[in-house]
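What follows is one structure encoded as structure tokens, with my remarks underneath.
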Amino acid sequence: MILLEFILHICCYKSTSMLSLKNITTLLVALVWAQFCQGQVVKPVKFEAPDSVTFRAVSVINDKHFWMSGQHGTVCRSFDGGNSIVCMTVPGYENADFRSVYAFDQNRAIIANIGSPAKMLLTEDKGATWKEVYSNEHPDAFIDGIDFWNDQIGIAFGDPIDGRMMILITKNGGLSWEELSVDARPAVEPGEASFAASGTSIRCLANGKVFVATGGKVSRLFYSDDLGSSWYPVAVPVIQGTDAAGIFSFDLSDDSNWIVVGGDYNVEDGMKDHIFISNNQGESWMPPVQPTRGYREAVQFINETDVIAVGPNGMDISHDKGLNWEMLTDVKGFHVVRKAREGNLIVIAGKGSVIYKN
């Protein structure tokens, strides 16, 4: 019998750019003992976190270091596996909703807000100062996600501008970004965009491969194997056809086994056609035998067979690559799950709260 214990201690301190303790409120986080093979027990515990902040972006470097970001210009970081977490407000961006974050190490991280003007900011000193490295004033500019192949080469993508997906490339660790030419950016259908619900609608893989997901009136995966220079669409039979429906997140355990999750954000419970699995690189798709209990905004393989999916009405786990799902916890309000790029730390974040397992 294996018990997984999730514990959180939040430590916020005051400095020029830090949140004042006057703005800190007591919120709920779940202390979860998840017995993967047999049942779950959930006990809510209280902790202190920035008032009314929803976190939708997490980047987990290893078993000690992770960063996360969210509303009201808030960025948090931990350098001890979550035993302590420091939160800050980025000066001048108090109204920004940072739904994308990529952390390189304990010093360097890049964040992006949603909406226009679209901004990306980089810190190289643990968040003490931030430098604007990209800005787009176009009224349709909207960044949906960021990922990197290595410490230098990365990609950001966003909603379409004039019928073409916004694609940005950096080759110097995020210090500057270049927009792909119009012809090199994927053409999308009317009403096809993407969801910035968890920052997990983009995944960079080895050998220059990258996937991004779209949603709305049309929902697909787009695939590139040359660092984003050329793109190929992959049809997915997920629910779509309205602005609120489609793929919200996806993950791959290997080149063959893919999973997409989503639904309609107006319908949290009782979803259909919101999860699909492929074991042949997207050539065909099948629904799970037992789906999750509702719409899901993020999915993450934690090993070759076990997968976690989270959404506003709870979390589910599958032990067979997404074919059958069971409740992990019914604690509500979580939006993103991420596993360490190097290590076993899993971080799940949401409304003023975090669950983690090392």
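Just so we're on the same page: first chain in the structure tokens is A, next is B, and so on; residues restart at 1 for each chain, and ligands are numbered from 1 in the order they show up.
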
Please list as a PyMOL selection string every residue within 12 Å of Pro312 in chain A, counting only C-alpha atoms and excluding residues in the same chain fewer than 4 positions away. chain A and resi 54+56+197-198+262-269+293-298+316+329-336+349-351

Å distance separating CA of Val188 in chain A from CA of Pro160 in chain A, one decimal place: 7.3 Å

For each of A:Phe55, A:Trp325, A:Trp285, A:Phe66, take the minimum atom-to-atom distance to Arg341 in chain A, counting only C-alpha atoms, then give the residue where this is smallest.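 Among the listed residues, the smallest separation from Arg341 in chain A belongs to A:Phe66.
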
According to DSSP computed on the backbone, where in range 239-307 of chain A is there strand (DSSP E)? Give the residues as a VMD selection string. chain A and resid 245 to 252 258 to 264 275 to 278 298 to 301 307

Got a sec: who's within 12 Å of Gly154 in chain A, counting only C-alpha atoms, leaving out chain neighbours fewer than 5 positions off, as a ChimeraX atom specification? /A:102-104,110,145-149,167-178,202-205,208-210,227-228

Please produce a file of the residues just selected, as a PDB file, in the first residue's frame, where the atoms kept are C-alpha atoms.
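Dumped everything to again-v3.pdb:
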ATOM      1  CA  TYR A 102       8.735  28.620 -18.024  1.00  0.00           C
ATOM      2  CA  ALA A 103      11.504  28.324 -15.437  1.00  0.00           C
ATOM      3  CA  PHE A 104      15.054  27.572 -16.516  1.00  0.00           C
ATOM      4  CA  ILE A 110       9.941  33.810 -18.229  1.00  0.00           C
ATOM      5  CA  GLY A 145       1.611  29.002 -23.901  1.00  0.00           C
ATOM      6  CA  ILE A 146       5.408  28.842 -23.786  1.00  0.00           C
ATOM      7  CA  ASP A 147       7.816  25.911 -23.881  1.00  0.00           C
ATOM      8  CA  PHE A 148      11.505  25.300 -24.583  1.00  0.00           C
ATOM      9  CA  TRP A 149      13.550  22.569 -26.215  1.00  0.00           C
ATOM     10  CA  ILE A 167       4.114  31.726 -33.375  1.00  0.00           C
ATOM     11  CA  LEU A 168       7.199  33.215 -31.710  1.00  0.00           C
ATOM     12  CA  ILE A 169      10.687  31.710 -31.573  1.00  0.00           C
ATOM     13  CA  THR A 170      13.652  32.546 -29.337  1.00  0.00           C
ATOM     14  CA  LYS A 171      17.193  31.297 -29.828  1.00  0.00           C
ATOM     15  CA  ASN A 172      18.830  33.150 -26.947  1.00  0.00           C
ATOM     16  CA  GLY A 173      17.026  31.913 -23.871  1.00  0.00           C
ATOM     17  CA  GLY A 174      14.091  34.287 -24.178  1.00  0.00           C
ATOM     18  CA  LEU A 175      16.073  37.522 -24.325  1.00  0.00           C
ATOM     19  CA  SER A 176      14.437  38.294 -27.688  1.00  0.00           C
ATOM     20  CA  TRP A 177      11.628  36.767 -29.745  1.00  0.00           C
ATOM     21  CA  GLU A 178      11.021  36.618 -33.489  1.00  0.00           C
ATOM     22  CA  ILE A 202       1.913  23.324 -25.919  1.00  0.00           C
ATOM     23  CA  ARG A 203       4.578  20.634 -25.465  1.00  0.00           C
ATOM     24  CA  CYS A 204       8.136  20.626 -26.805  1.00  0.00           C
ATOM     25  CA  LEU A 205       9.693  17.197 -27.324  1.00  0.00           C
ATOM     26  CA  GLY A 208      12.814  19.659 -32.521  1.00  0.00           C
ATOM     27  CA  LYS A 209       9.276  18.301 -32.165  1.00  0.00           C
ATOM     28  CA  VAL A 210       6.442  20.420 -30.779  1.00  0.00           C
ATOM     29  CA  LEU A 227      11.473  23.688 -34.337  1.00  0.00           C
ATOM     30  CA  GLY A 228       8.207  25.209 -35.522  1.00  0.00           C
TER      31      GLY A 228
END

Test item: residues at most 7 Å from range 234-236 of chain A, only C-alpha atoms, excluding those fewer than 2 positions along its chain, as a ChimeraX atom specification: /A:220-222,232,238,282

Please, could you write that set of residues out with N, CA and C atoms as a CSV table (one decimal), in the first residue's frame?
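Dumped everything to selection27.csv:
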chain,number,residue,atom,x,y,z
A,220,ARG,N,-8.1,21.1,-32.9
A,220,ARG,CA,-7.1,20.1,-33.4
A,220,ARG,C,-5.8,20.2,-32.7
A,221,LEU,N,-4.9,19.2,-33.0
A,221,LEU,CA,-3.5,19.3,-32.6
A,221,LEU,C,-2.8,19.8,-33.9
A,222,PHE,N,-1.8,20.6,-33.7
A,222,PHE,CA,-0.8,20.9,-34.7
A,222,PHE,C,0.6,20.4,-34.3
A,232,TYR,N,1.8,20.7,-39.3
A,232,TYR,CA,0.8,19.7,-39.8
A,232,TYR,C,-0.4,19.5,-38.9
A,238,VAL,N,-12.7,15.4,-30.5
A,238,VAL,CA,-13.2,16.0,-29.2
A,238,VAL,C,-14.3,16.9,-29.5
A,282,GLY,N,-1.9,9.6,-33.4
A,282,GLY,CA,-3.0,10.4,-33.9
A,282,GLY,C,-3.7,10.0,-35.1

Can you work out which one of A:Phe157, A:Trp258, A:Tyr356, A:Phe301 has the shortest atom-to-atom distance to Ser78 in chain A, counting only C-alpha atoms?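 Between A:Phe157, A:Trp258, A:Tyr356, A:Phe301, the residue approaching Ser78 in chain A most closely is A:Tyr356.
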
Compile a residue-level contact table for range 210-234 of chain A against range 239-251 of chain A at a cut-off of 6 Å, reporting for every qualifying residue the shortest atom pair and its distance in Å to one decimal, with only C-alpha atoms counted, rows ordered by chain and ascending number, as a tab-separated table.
residue	atom	partner	partner_atom	distance
A:Gly215	CA	A:Gly246	CA	4.3
A:Gly216	CA	A:Asp243	CA	4.2
A:Lys217	CA	A:Gly241	CA	3.8
A:Val218	CA	A:Gln240	CA	5.9
A:Ser219	CA	A:Gly246	CA	5.2

Proximity to Phe142 in chain A - best of A:Arg99, A:Arg108, A:Lys126, A:Lys339, only C-alpha atoms: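 Looking at the shortest contact to Phe142 in chain A, the residue is A:Arg99.
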
Report as a list of chain:residue names all protein, DNA and RNA residues lying within 8 Å of Val90 in chain A, evaluated on only C-alpha atoms, omitting residues in the same chain fewer than 4 positions from it.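 Neighbouring residues, sequence-local ones excluded: A:Ser17, A:Gly73, A:Thr74, A:Val75, A:Glu94, A:Trp130.
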